[in-house]
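Trainee: What follows is a single structure, and I will ask about it in a moment.
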Amino acid sequence: MSFNIRNALTLGAFSALAAAQTVPPKLDATCADVVIFMARGNDAPYHDGRTFPFVEATCGKLTAQGKSCDYIDIQFDVTLGGDYCNQVAEGARNGISQITAFHEKCPCSHIVVNGYSEGAHVVGDVLGGPGGCTFVSTGLDNNSAAGKAVAAALLWGDVMHTANQPYNVLDGADKQANGRKPEDLARLNRYAPVLRSYCAAGDPVCAGGNIVADHLNYFELYTDDASSWLVSKIDSVAPLPSCAVSSSSVVSSATSAVVTQSSAVAPTLSSMVTVTATPTMVESSATETPCSTSPAMVSPFPSPVPYNPGSCVLEVHVEYAYV
């Protein structure tokens, strides 16, 4: 299967910023309790001022609960006028690779995937394929270890927004400009319980509307709603299996220590071993797992890069052709 994409600018030219190409991506993170993978919009810099307040709001709420939080950029080109197909394919490939590699390093961290505009297209393809204009993959298997670590995924103004899905919100929930093909949608919907897709009815990109502001102001209007929803998803998830194994090993070891000690002398307050539920590194075990030892705050984040594309958005018209 392949499809062609035609790009069209609405309401004039972009005020492109050199920062979009000069700000380096953040490609690693601590083994925090929650790590957010960010996929940027077309022509936006990494760590841009439009979308990054969502990270700050979410991590702020998690920190208030005593949880640690960090983020990683999904690396892909978003140059205005570039090959959109190649850009999305690059993002899909890198997103799957980055999430998989991070989970191998930090199997106790819950993963969130967040994408705006072109980045939402990328995130959808990371989770469900196909990966741009040609088949790249079937997406991150939700039954894989990394797939099970995905606690939440958010799409904002998604190029491939598909109407009437259970995770759609706002007044564009029943609209679409392009829409995913049934087989791609079915794979994406493996993640339906942890998905949330924001689409306003006037948004030209996700809903085929004609109100450019509806595509540009999502984070001004809905950051608090989205971050609260995300925190609620984190609150409801169980510890990841790899952490449960590691934590149980620690508890078992510590419990043995208490039993051994008590057989020799009556335990006193100062000699009792205290076992905490916080996952930690198992120094010598067949199930050794690098679990989170992060402090309750990963801060401060650098200041977001100012970004104002003016009153324009990039419309992407998708035309499928089966070959």
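Starting from 1 in every chain, residues are counted up; chains themselves are A, B, ... following the order of the structure tokens, and ligands are numbered from 1 as listed.
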Which residues in range 30-139 of chain A does DSSP call alpha helix (DSSP H)? List them as a ChimeraX atom specification.
Mentor: /A:52-64,84-105,118-128
Trainee: Would you kindly return, as a VMD selection string, each protein, DNA or RNA residue with an atom no farther than 6 Å from any atom of Gly202 in chain A, considering only C-alpha atoms and excluding same-chain residues fewer than 3 positions away?
Mentor: chain A and resid 209 to 211 214
Trainee: Residues at most 9 Å from range 154-156 of chain A, counting only C-alpha atoms, excluding those fewer than 6 positions away in the same chain, as a list in words?
Mentor: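 Answer for this query is Val112, Val113, Asn114, Gly115, Tyr116, Ser117, Gly119, Ala120, His121, Val123, Gly124, Val194, Leu195, Arg196, Ser197, Tyr198, Cys199, Cys206, His215, Tyr218, Phe219, Ala226 and Leu230 of chain A.
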Trainee: By how many Å are CA of Asp33 in chain A and CA of Thr58 in chain A apart?
Mentor: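 Distance between the two atoms: 12.4 Å.
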Trainee: Which residues in range 66-170 of chain A does DSSP call strand (DSSP E)? List them as a list in words.
Mentor: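 Restricting range 66-170 of chain A to strand (DSSP E) produces Cys69, Asp70, Tyr71, Ile72, Asp73, His110, Ile111, Val112, Val113, Asn114, Gly115, Tyr116, Val150, Ala151, Ala152, Ala153, Leu154, Leu155, Trp156, Asn168 and Val169 of chain A.
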Trainee: For the residues in that selection, give me C-alpha atoms as a compact mmCIF listing (two decimals), in the first residue's frame.
Mentor:
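Result file follows (again13.txt):
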# COMPACT_ATOMS: atom_id res chain seq x y z
CA CYS A 69 9.00 13.21 35.21
CA ASP A 70 11.18 13.86 32.17
CA TYR A 71 10.86 14.07 28.38
CA ILE A 72 12.53 13.03 25.11
CA ASP A 73 12.14 14.47 21.61
CA HIS A 110 5.83 4.71 32.26
CA ILE A 111 5.90 6.15 28.74
CA VAL A 112 3.67 8.86 27.31
CA VAL A 113 3.67 9.71 23.60
CA ASN A 114 2.50 13.17 22.54
CA GLY A 115 2.27 14.64 19.03
CA TYR A 116 0.96 17.83 17.48
CA VAL A 150 2.83 3.17 27.07
CA ALA A 151 0.49 4.57 29.71
CA ALA A 152 -0.99 7.39 27.60
CA ALA A 153 -0.84 8.85 24.10
CA LEU A 154 -2.15 12.22 22.95
CA LEU A 155 -2.81 13.53 19.44
CA TRP A 156 -3.49 17.21 18.76
CA ASN A 168 -11.81 11.72 20.16
CA VAL A 169 -12.68 14.89 22.06
Trainee: In terms of the shortest atom-to-atom distance over only C-alpha atoms, which of A:Val237, A:Val122, A:Ala207, A:Val212 is closest to Met38 in chain A?
Mentor: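 Looking only at the distances to Met38 in chain A, the closest residue turns out to be A:Val122.
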Trainee: What is the CA of Ser228 in chain A-CA of Gly179 in chain A distance in Å, reported with one decimal?
Mentor: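 The value is 27.2 Å.
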Trainee: Counting only C-alpha atoms, figure out which residue out of A:Gly95, A:Tyr191, A:Val78, A:Asp158 gets nearest to Gly172 in chain A.
Mentor: A:Asp158
